[in-house]
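What follows is the content of run_12.cif, which has mmCIF, C-alpha atoms and all ligand atoms:
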data_final
#
loop_
_atom_site.label_atom_id
_atom_site.label_comp_id
_atom_site.auth_asym_id
_atom_site.auth_seq_id
_atom_site.Cartn_x
_atom_site.Cartn_y
_atom_site.Cartn_z
CA GLY A 75 120.12 50.26 109.11
CA GLU A 76 119.23 50.84 105.49
CA THR A 77 121.52 52.30 102.87
CA ILE A 78 121.04 55.74 101.32
CA GLY A 79 122.53 56.42 97.89
CA ILE A 80 123.99 59.87 97.22
CA LEU A 81 124.66 61.06 93.67
CA GLY A 82 127.65 63.42 93.79
CA GLY A 83 130.77 63.33 95.92
CA GLY A 84 131.42 66.86 97.20
CA GLN A 85 131.18 68.46 100.61
CA LEU A 86 127.38 68.48 100.58
CA GLY A 87 127.38 64.68 100.14
CA ARG A 88 129.96 64.39 102.86
CA MET A 89 127.88 66.38 105.34
CA LEU A 90 124.73 64.44 104.32
CA ALA A 91 126.53 61.15 104.96
CA MET A 92 127.65 62.37 108.38
CA ALA A 93 124.07 63.29 109.34
CA ALA A 94 122.78 59.97 107.96
CA ALA A 95 125.33 58.04 110.04
CA GLN A 96 124.01 59.73 113.18
CA LEU A 97 120.56 58.33 112.39
CA GLY A 98 121.94 54.83 111.86
CA TYR A 99 121.99 54.83 108.06
CA ARG A 100 124.83 53.77 105.81
CA CYS A 101 125.56 55.81 102.69
CA HIS A 102 126.91 54.89 99.29
CA VAL A 103 128.28 57.70 97.15
CA TYR A 104 128.08 57.58 93.38
CA ALA A 105 130.70 59.98 92.07
CA PRO A 106 132.53 59.77 88.76
CA GLU A 107 135.45 61.87 89.97
CA ALA A 108 138.34 59.98 91.54
CA ASP A 109 138.86 62.37 94.46
CA SER A 110 135.40 62.32 96.07
CA ILE A 111 135.62 63.83 99.54
CA ALA A 112 132.22 62.32 100.44
CA ALA A 113 133.55 58.84 99.70
CA GLU A 114 136.08 59.32 102.47
CA VAL A 115 133.34 59.16 105.12
CA CYS A 116 131.22 56.38 103.57
CA ALA A 117 131.32 53.71 100.89
CA ALA A 118 132.32 54.82 97.39
CA PHE A 119 130.83 53.28 94.28
CA THR A 120 133.09 52.78 91.33
CA CYS A 121 131.64 53.93 88.04
CA ALA A 122 132.72 55.10 84.62
CA GLY A 123 130.55 58.24 84.56
CA TRP A 124 127.03 59.62 85.01
CA ASP A 125 125.76 57.62 82.03
CA ASP A 126 127.13 54.26 83.21
CA ALA A 127 123.76 52.47 83.29
CA ALA A 128 125.12 49.18 84.62
CA ALA A 129 126.88 50.92 87.50
CA LEU A 130 123.80 53.06 88.31
CA ALA A 131 121.60 49.96 88.38
CA ALA A 132 124.00 48.09 90.68
CA PHE A 133 124.28 51.18 92.91
CA ALA A 134 120.49 51.52 93.15
CA ALA A 135 120.10 47.82 93.96
CA ASP A 136 122.14 48.42 97.14
CA CYS A 137 120.08 51.44 98.24
CA ALA A 138 116.67 51.91 99.88
CA VAL A 139 116.50 55.46 98.45
CA VAL A 140 118.70 57.60 96.23
CA THR A 141 119.20 61.36 96.61
CA TYR A 142 121.55 63.92 95.04
CA GLU A 143 123.88 66.61 96.33
CA PHE A 144 124.64 68.02 92.88
CA GLU A 145 121.97 69.38 90.53
CA ASN A 146 123.90 68.82 87.32
CA VAL A 147 123.46 65.05 87.32
CA PRO A 148 122.17 64.10 83.83
CA VAL A 149 118.51 63.08 84.14
CA GLY A 150 118.20 60.58 81.25
CA PRO A 151 120.54 57.90 82.65
CA LEU A 152 118.69 57.93 86.00
CA ALA A 153 116.11 55.57 84.48
CA ALA A 154 118.72 52.92 85.35
CA LEU A 155 117.83 53.43 89.04
CA GLY A 156 114.77 51.27 88.32
CA HIS A 157 112.38 50.90 91.23
CA THR A 158 114.62 52.54 93.84
CA PRO A 159 112.98 55.88 94.66
CA LEU A 160 114.85 59.07 93.71
CA LEU A 161 114.11 61.87 96.21
CA PRO A 162 113.76 64.73 95.46
CA GLY A 163 112.40 63.47 92.13
CA ALA A 164 113.80 63.71 88.61
CA ARG A 165 111.43 66.56 87.72
CA ALA A 166 112.99 68.85 90.35
CA LEU A 167 116.42 68.01 88.99
CA GLU A 168 115.33 68.65 85.41
CA VAL A 169 113.74 72.03 86.19
CA ALA A 170 116.57 73.28 88.39
CA GLN A 171 119.51 72.25 86.21
CA ASP A 172 118.58 74.60 83.38
CA ARG A 173 118.38 78.32 84.21
CA LEU A 174 115.80 78.87 81.43
CA SER A 175 113.41 76.13 82.62
CA GLU A 176 113.94 77.16 86.25
CA LYS A 177 113.02 80.80 85.62
CA THR A 178 110.08 79.82 83.40
CA PHE A 179 108.78 77.34 85.97
CA VAL A 180 109.05 79.75 88.90
CA SER A 181 107.49 82.59 86.85
CA GLY A 182 104.53 80.31 86.18
CA LEU A 183 104.01 80.07 89.95
CA GLY A 184 104.01 83.85 90.40
CA GLY A 185 107.74 84.39 91.01
CA ARG A 186 109.54 87.39 89.53
CA PRO A 187 113.00 86.68 88.10
CA ALA A 188 115.26 89.30 86.49
CA PRO A 189 114.23 89.94 82.87
CA PHE A 190 115.79 87.15 80.80
CA ALA A 191 116.19 85.83 77.28
CA ALA A 192 117.64 82.61 75.90
CA VAL A 193 120.81 83.16 73.84
CA ASP A 194 122.31 80.66 71.39
CA ASP A 195 124.76 82.75 69.40
CA ALA A 196 126.24 86.22 68.93
CA ALA A 197 123.20 87.51 67.03
CA GLY A 198 120.93 86.25 69.80
CA LEU A 199 123.07 88.01 72.38
CA ALA A 200 122.82 91.32 70.51
CA GLU A 201 119.02 90.90 70.36
CA ALA A 202 118.81 90.06 74.06
CA ILE A 203 120.89 93.11 74.98
CA ALA A 204 118.71 95.31 72.77
CA ALA A 205 115.56 93.97 74.45
CA ILE A 206 116.73 93.84 78.09
CA GLY A 207 119.43 96.49 78.16
CA VAL A 208 122.66 96.80 80.12
CA PRO A 209 124.09 96.08 82.58
CA GLY A 210 123.35 92.39 82.43
CA ILE A 211 124.87 88.97 82.97
CA LEU A 212 125.31 86.27 80.37
CA LYS A 213 125.26 82.80 81.94
CA THR A 214 125.52 79.24 80.69
CA ARG A 215 122.08 77.66 81.12
CA ARG A 216 123.59 74.50 82.61
CA ASP A 217 126.51 73.40 84.76
CA GLY A 218 127.37 76.78 86.31
CA TYR A 219 128.09 77.13 90.03
CA ASP A 220 130.07 79.54 92.23
CA GLY A 221 129.69 82.16 89.48
CA LYS A 222 131.47 80.02 86.88
CA GLY A 223 130.24 80.34 83.29
CA GLN A 224 129.14 83.98 83.69
CA TRP A 225 130.08 87.16 81.84
CA ARG A 226 129.10 90.62 83.05
CA ILE A 227 128.05 92.95 80.25
CA MET A 228 128.31 96.58 81.33
CA ALA A 229 127.92 98.05 77.82
CA PRO A 230 126.82 96.58 74.46
CA ALA A 231 130.46 96.81 73.33
CA ASP A 232 131.40 94.20 75.99
CA ALA A 233 129.44 91.61 74.01
CA VAL A 234 131.27 92.24 70.77
CA GLY A 235 133.82 89.55 70.02
CA LEU A 236 133.00 87.56 73.18
CA ASP A 237 134.25 84.03 72.75
CA LEU A 238 130.90 82.33 73.44
CA PRO A 239 130.93 78.67 74.48
CA ALA A 240 129.06 76.27 72.17
CA THR A 241 126.37 75.68 74.77
CA PRO A 242 122.93 77.23 75.40
CA LEU A 243 123.12 80.54 77.28
CA ILE A 244 120.80 82.97 79.02
CA TYR A 245 121.12 86.74 79.30
CA GLU A 246 119.56 88.40 82.32
CA GLY A 247 119.23 91.98 83.41
CA PHE A 248 121.41 93.06 86.32
CA ILE A 249 119.37 93.55 89.51
CA ASP A 250 120.46 96.49 91.64
CA PHE A 251 119.68 94.59 94.83
CA ARG A 252 119.77 95.88 98.42
CA ALA A 253 120.68 92.47 99.81
CA GLU A 254 120.64 88.80 98.95
CA PHE A 255 118.95 86.02 100.89
CA SER A 256 117.89 82.42 100.58
CA VAL A 257 114.78 80.55 101.65
CA ILE A 258 115.68 77.05 102.83
CA LEU A 259 112.84 74.63 103.47
CA CYS A 260 112.32 70.95 103.98
CA ARG A 261 109.24 69.19 102.69
CA ALA A 262 108.22 65.73 103.89
CA ALA A 263 106.42 63.20 101.69
CA ASP A 264 103.15 63.97 103.53
CA GLY A 265 103.41 67.65 102.52
CA ASP A 266 104.69 68.98 105.87
CA VAL A 267 106.87 72.04 105.07
CA ARG A 268 109.31 73.63 107.51
CA PHE A 269 111.42 76.73 106.93
CA TRP A 270 114.69 77.58 108.58
CA ASP A 271 115.37 81.19 109.52
CA THR A 272 116.37 83.18 106.45
CA PRO A 273 120.08 83.90 106.01
CA GLU A 274 121.27 87.14 104.43
CA ASN A 275 124.03 86.16 102.03
CA VAL A 276 127.06 88.08 100.81
CA HIS A 277 128.80 86.87 97.66
CA GLN A 278 132.30 87.80 96.52
CA GLY A 279 133.21 87.17 92.91
CA GLY A 280 130.03 85.10 92.46
CA ILE A 281 130.89 82.82 95.41
CA LEU A 282 129.03 82.76 98.72
CA ALA A 283 131.28 84.35 101.33
CA ARG A 284 129.05 84.85 104.39
CA SER A 285 125.57 83.94 105.62
CA THR A 286 124.12 85.82 108.60
CA VAL A 287 121.03 84.94 110.64
CA PRO A 288 118.91 86.85 111.32
CA GLY A 289 119.24 89.01 108.23
CA SER A 290 118.72 92.77 108.11
CA THR A 291 115.23 94.30 107.99
CA LEU A 292 115.70 94.67 104.22
CA VAL A 293 115.61 90.89 104.08
CA ARG A 294 113.14 90.23 106.87
CA ASP A 295 110.53 92.43 105.16
CA GLU A 296 110.58 90.18 102.08
CA VAL A 297 110.70 86.75 103.71
CA ALA A 298 106.95 86.10 103.84
CA GLU A 299 106.48 86.64 100.10
CA ALA A 300 109.60 84.63 99.24
CA ARG A 301 108.56 81.75 101.49
CA ALA A 302 105.08 81.64 99.95
CA LEU A 303 106.70 81.27 96.52
CA ALA A 304 109.15 78.60 97.73
CA ARG A 305 106.26 76.62 99.21
CA ARG A 306 104.38 76.78 95.89
CA VAL A 307 107.50 75.54 94.09
CA ALA A 308 107.91 72.65 96.55
CA ASP A 309 104.24 71.70 96.37
CA ALA A 310 104.14 71.90 92.55
CA LEU A 311 107.10 69.51 92.33
CA ASP A 312 105.67 67.22 95.04
CA TYR A 313 109.10 67.79 96.49
CA VAL A 314 110.68 65.65 99.22
CA GLY A 315 113.80 66.93 100.98
CA VAL A 316 115.59 70.25 101.37
CA LEU A 317 114.95 72.91 98.73
CA THR A 318 116.66 76.30 98.49
CA LEU A 319 115.58 79.39 96.58
CA GLU A 320 117.96 82.35 96.24
CA PHE A 321 116.52 85.89 96.11
CA PHE A 322 117.57 89.48 95.63
CA ALA A 323 115.89 91.89 98.06
CA THR A 324 114.85 94.97 96.07
CA GLU A 325 112.75 98.06 96.54
CA ALA A 326 110.03 96.26 94.54
CA GLY A 327 110.14 93.10 96.66
CA PRO A 328 111.90 89.76 96.28
CA VAL A 329 113.39 88.93 92.87
CA PHE A 330 113.96 85.21 92.30
CA ASN A 331 117.55 84.35 91.34
CA GLU A 332 117.82 80.57 91.21
CA MET A 333 116.87 77.40 93.01
CA ALA A 334 118.90 74.44 94.23
CA PRO A 335 117.07 71.10 94.66
CA ARG A 336 119.33 70.10 97.51
CA VAL A 337 120.99 71.13 100.73
CA HIS A 338 122.72 74.48 100.26
CA ASN A 339 125.86 76.31 101.32
CA SER A 340 123.76 79.12 102.80
CA GLY A 341 122.25 76.50 105.15
CA HIS A 342 125.51 75.24 106.63
CA TRP A 343 124.90 77.41 109.69
CA THR A 344 122.00 75.07 110.60
CA ILE A 345 124.46 72.35 111.75
CA GLU A 346 125.10 74.21 115.01
CA GLY A 347 122.69 77.13 114.69
CA ALA A 348 119.37 75.32 114.34
CA ILE A 349 117.64 72.66 116.45
CA THR A 350 117.78 70.33 113.42
CA SER A 351 120.25 70.83 110.58
CA GLN A 352 119.39 70.93 106.88
CA PHE A 353 121.37 67.69 106.46
CA GLU A 354 119.48 65.80 109.16
CA ASN A 355 116.07 66.97 107.94
CA HIS A 356 116.94 66.05 104.36
CA VAL A 357 117.77 62.52 105.55
CA ARG A 358 114.59 62.39 107.64
CA ALA A 359 112.46 63.53 104.69
CA ILE A 360 113.84 61.07 102.13
CA CYS A 361 113.65 58.22 104.66
CA GLY A 362 110.02 58.94 105.55
CA LEU A 363 110.78 60.06 109.11
CA PRO A 364 109.10 63.03 110.85
CA LEU A 365 110.93 66.35 110.36
CA GLY A 366 112.86 67.95 113.21
CA ASP A 367 112.37 71.46 114.57
CA THR A 368 113.98 74.07 112.31
CA GLY A 369 114.07 76.77 115.00
CA LEU A 370 117.16 78.77 115.91
CA ALA A 371 119.47 77.34 118.58
CA ALA A 372 121.15 80.71 119.21
CA ARG A 373 120.31 84.40 119.13
CA GLY A 374 122.17 84.68 115.86
CA VAL A 375 124.60 82.81 113.63
CA VAL A 376 127.35 83.82 111.20
CA MET A 377 128.81 81.35 108.71
CA ASP A 378 131.96 82.22 106.77
CA ASN A 379 133.23 80.13 103.88
CA LEU A 380 136.94 79.33 103.81
CA ILE A 381 137.75 79.85 100.17
CA GLY A 382 140.80 79.37 98.01
CA ASP A 383 144.46 78.91 98.51
CA ALA A 384 145.05 81.56 101.15
CA ALA A 385 146.87 79.90 104.03
CA HIS A 386 144.02 79.70 106.51
CA ASP A 387 145.16 79.72 110.08
CA TRP A 388 143.03 76.87 111.50
CA PRO A 389 144.60 76.96 114.99
CA ALA A 390 143.86 80.68 115.22
CA LEU A 391 140.22 80.07 114.26
CA LEU A 392 139.99 77.29 116.83
CA ALA A 393 141.62 79.44 119.49
CA ASP A 394 138.27 81.23 119.70
CA PRO A 395 136.07 78.65 121.45
CA ALA A 396 132.92 80.13 119.90
CA ASN A 397 133.99 79.03 116.41
CA HIS A 398 132.93 75.72 114.88
CA LEU A 399 135.41 74.77 112.17
CA HIS A 400 134.46 72.49 109.28
CA LEU A 401 137.16 71.31 106.87
CA TYR A 402 136.14 69.30 103.83
CA GLY A 403 139.36 67.34 103.43
CA LYS A 404 140.12 68.61 99.92
CA ALA A 405 143.70 67.83 99.03
CA ALA A 406 144.45 70.77 96.77
CA ALA A 407 143.46 74.36 97.44
CA ARG A 408 142.69 76.36 94.29
CA PRO A 409 141.55 79.95 93.91
CA GLY A 410 137.78 80.09 94.45
CA ARG A 411 137.58 76.54 95.83
CA LYS A 412 135.49 76.00 98.97
CA MET A 413 137.82 74.34 101.47
CA GLY A 414 135.65 74.56 104.57
CA HIS A 415 133.55 76.92 106.63
CA VAL A 416 133.42 78.35 110.12
CA THR A 417 130.22 78.92 112.08
CA ARG A 418 129.95 81.27 115.01
CA LEU A 419 126.93 81.32 117.31
CA VAL A 420 125.80 84.53 118.99
CA LEU A 421 124.62 83.34 122.37
CA ASP A 422 124.11 86.43 124.52
P1 LIG A 501 125.66 79.12 93.08
O1 LIG A 501 127.01 78.69 93.53
O2 LIG A 501 124.87 79.90 94.11
O3 LIG A 501 124.85 78.04 92.42
P2 LIG A 501 125.77 80.30 90.42
O4 LIG A 501 127.04 80.05 89.73
O5 LIG A 501 124.58 79.51 90.02
O6 LIG A 501 125.97 80.25 92.00
P3 LIG A 501 124.25 82.81 90.47
O7 LIG A 501 123.55 82.52 91.71
O8 LIG A 501 123.47 82.89 89.21
O9 LIG A 501 125.51 81.82 90.20
O10 LIG A 501 125.09 84.16 90.61
C1 LIG A 501 126.10 84.30 91.60
C2 LIG A 501 125.99 85.68 92.21
O11 LIG A 501 126.19 86.68 91.19
C3 LIG A 501 124.63 86.00 92.80
O12 LIG A 501 124.46 85.47 94.09
C4 LIG A 501 124.67 87.53 92.76
O13 LIG A 501 125.49 88.03 93.77
C5 LIG A 501 125.33 87.77 91.40
N1 LIG A 501 124.28 87.80 90.35
C6 LIG A 501 123.89 86.79 89.57
N2 LIG A 501 122.90 87.16 88.73
C7 LIG A 501 122.65 88.45 89.00
C8 LIG A 501 121.73 89.42 88.48
N3 LIG A 501 120.87 89.13 87.50
N4 LIG A 501 121.76 90.68 89.01
C9 LIG A 501 122.63 91.00 89.99
N5 LIG A 501 123.52 90.12 90.52
C10 LIG A 501 123.53 88.87 90.04
MG MG A 502 123.53 78.07 91.03
MG MG A 503 123.51 81.18 93.24
#

The structure given in the file should be rewritten as C-alpha cells.
Amino acid sequence: GETIGILGGGQLGRMLAMAAAQLGYRCHVYAPEADSIAAEVCAAFTCAGWDDAAALAAFAADCAVVTYEFENVPVGPLAALGHTPLLPGARALEVAQDRLSEKTFVSGLGGRPAPFAAVDDAAGLAEAIAAIGVPGILKTRRDGYDGKGQWRIMAPADAVGLDLPATPLIYEGFIDFRAEFSVILCRAADGDVRFWDTPENVHQGGILARSTVPGSTLVRDEVAEARALARRVADALDYVGVLTLEFFATEAGPVFNEMAPRVHNSGHWTIEGAITSQFENHVRAICGLPLGDTGLAARGVVMDNLIGDAAHDWPALLADPANHLHLYGKAAARPGRKMGHVTRLVLD
C-alpha cells in the first residue's frame, strides 16, 4: 500500500493512522514533539520543528499524500512538501487557524458569527468592549484549543489591567445559546459531500465533555441551515476530507462559532456509531476512494471524553459491555488533558 503523511502527532493522528491501516495504508507522522502518541501506532519522522524544510521535504518524498490532524501547523514552511499533495489544502489551514480570518471568511458565505472585533492592545480591547458590549470573550486569534487562551469579560472592569499576551487577539460577544452542536461532513475530490448525524455537544470549562446523537429538537431545528453553510464553506475551499463547523443554537438560528479543517472530537462517536467513521472517510477522501455511508449504526450514541488526572476506573467502564473504551496512551495525565473517550450505543 501507499504511505499517508500526517502532520501532527496527537490522538486524532493516532485514530487516523488506525483507520488508514485497516484500508492497507501505511502512515508516517510528522510531529515535532518527542512524545507523539500517533507515532506509537505508525512510523515517526524525526524533525527539528514545523519549519524544518529539509525534514518536511524528506517526509513528503516518502508519502503519496499529506494531511493534517492539527490546524495550527504553520502554512509557510509547507511549500517544502513540493509536489506531494496536501489535503485538505493549505488555504483551508490558513483560513481556519486564525479566528479573525475564519469568521470573516464564513461571514462572506452567509454565516452569522458572534459580533467580533480584532484586538491588538489594551486600548483596542476597551474600544471593542465599547462597541460590542459585555459579557464577551477575549481569545487569542491563533493556537487556542480546549478553551486555552481565552478570557471571559463579564464587566468592562474585568478588562482593566489584564495581562494581555503579545499576540493578536479577538473579542467576541457572548452568545446566550440554548445548545451547542457541530456539523461534520466529508467532501471527496469530485465534490461528493456527506454529513454525519449532528451531535449536540456539552462543554465544561471550554473543553468538550459529551456529544449526543441525535441532539435535542433545539439542535435538530437548526441543522438544515447549518449544513447548507458548511457545504458552502467546503465547496468554496474546494475541500477534500473531513470538515467540522461548531455552532451555537439560538432563538435566532445557528450562530457560527469556529471551524476545524480536520477530524473532530465531536465526531469520535462515528467510530462505532456510524456505518463509516470520520477517520475512515477522511482517509478515503484524501486517497481518492469513494466515501462510505455516514448513516447511524444505532438508535443513538453518547460519547464522553475522559479528561484530566481524575483516576478513571477503566475496569468499571469496561464492566458495562455496551461501552467502547478508547485510551490514547498518554503517559502523563494533567488537568484538562484528553486521555481517552468512551462511546455508548443505544441499540433498543
Ligand atoms: P476547541 O477545542 O473546540 O477548538 P477552542 O479553544 O477553539 O475549542 P472555542 O470553541 O472558541 O474554543 O470555545 C470553547 C467553548 O467556550 C465553546 O464551545 C463554548 O462553550 C464557549 N464559548 C466560546 N465562545 C463563546 C461565545 N462567543 N459565546 C458563548 N460561549 C462561547
Ligand atoms: Mg478551536
Ligand atoms: Mg471549539

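Nearest-residue note for Glu354 of chain A: choosing from A:Tyr245, A:Asp125, A:Gly98, A:Thr77, the minimum distance belongs to A:Gly98, counting all atoms listed in the file.
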
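If you measure from each of A:Gly123, A:Gly79, A:Gly218, A:Gly184 to ligand MG 502 (chain A) using only C-alpha atoms and all ligand atoms, the closest one turns out to be A:Gly218.
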
> What separation in Å, quoted to one decimal, exists between atom CA of Gly341 of chain A and atom CA of Tyr104 of chain A?
Replying inline: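 So the two atoms, atom CA of Gly341 of chain A and atom CA of Tyr104 of chain A, lie 23.0 Å apart.
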
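Residues of protein or nucleic acid lying within 8 Å of ligand MG 502 (chain A), counting all atoms listed in the file, are A:Gly218, A:Tyr219, A:Asp220, A:Gly221, A:Glu332, A:Met333, A:Ala334.
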
> Can you list, as a ChimeraX atom specification, every protein, DNA or RNA residue that comes within 12 Å of Asp232 of chain A when you count all atoms listed in the file, leaving out same-chain residues fewer than 6 positions away?
Replying inline: /A:196,199-200,203,208-212,225-226

>> Here is a test: counting all atoms listed in the file, which residue of A:Pro395, A:Gly279, A:Gly207, A:Gly327 is nearest to ligand LIG 501 (chain A)?
In response: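 Under the stated criterion, the closest residue is A:Gly279.
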
>> I'd like the neighbourhood of segment 147-153 of chain A as a count of residues only, where a residue qualifies if any of its atoms comes within 9 Å (using all atoms listed in the file), though same-chain residues fewer than 5 positions away should be ignored.
In response: 15

> For Arg418 of chain A, which residue among A:Ala113, A:Ala253, A:Ala94, A:Ala372 is the nearest when counting all atoms listed in the file?
Replying inline: A:Ala372

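Residue nearest Cys137 of chain A within the list A:Leu86, A:Phe190, A:Ser175, A:Glu76: A:Glu76 [criterion: smallest interatomic distance, all atoms listed in the file].
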
> Using all atoms listed in the file, what are the residues with an atom within 12 Å of ligand MG 503 (chain A), set out as an NGL selection string?
Replying inline: :A and (170 or 173 or 213 or 217-222 or 224 or 254-256 or 275-283 or 318-322 or 330-334 or 338-340)

>> Just checking: using all atoms listed in the file, which residue out of A:Asp195, A:Glu176, A:Glu114, A:Glu299 ends up closest to ligand LIG 501 (chain A)?
In response: A:Glu176
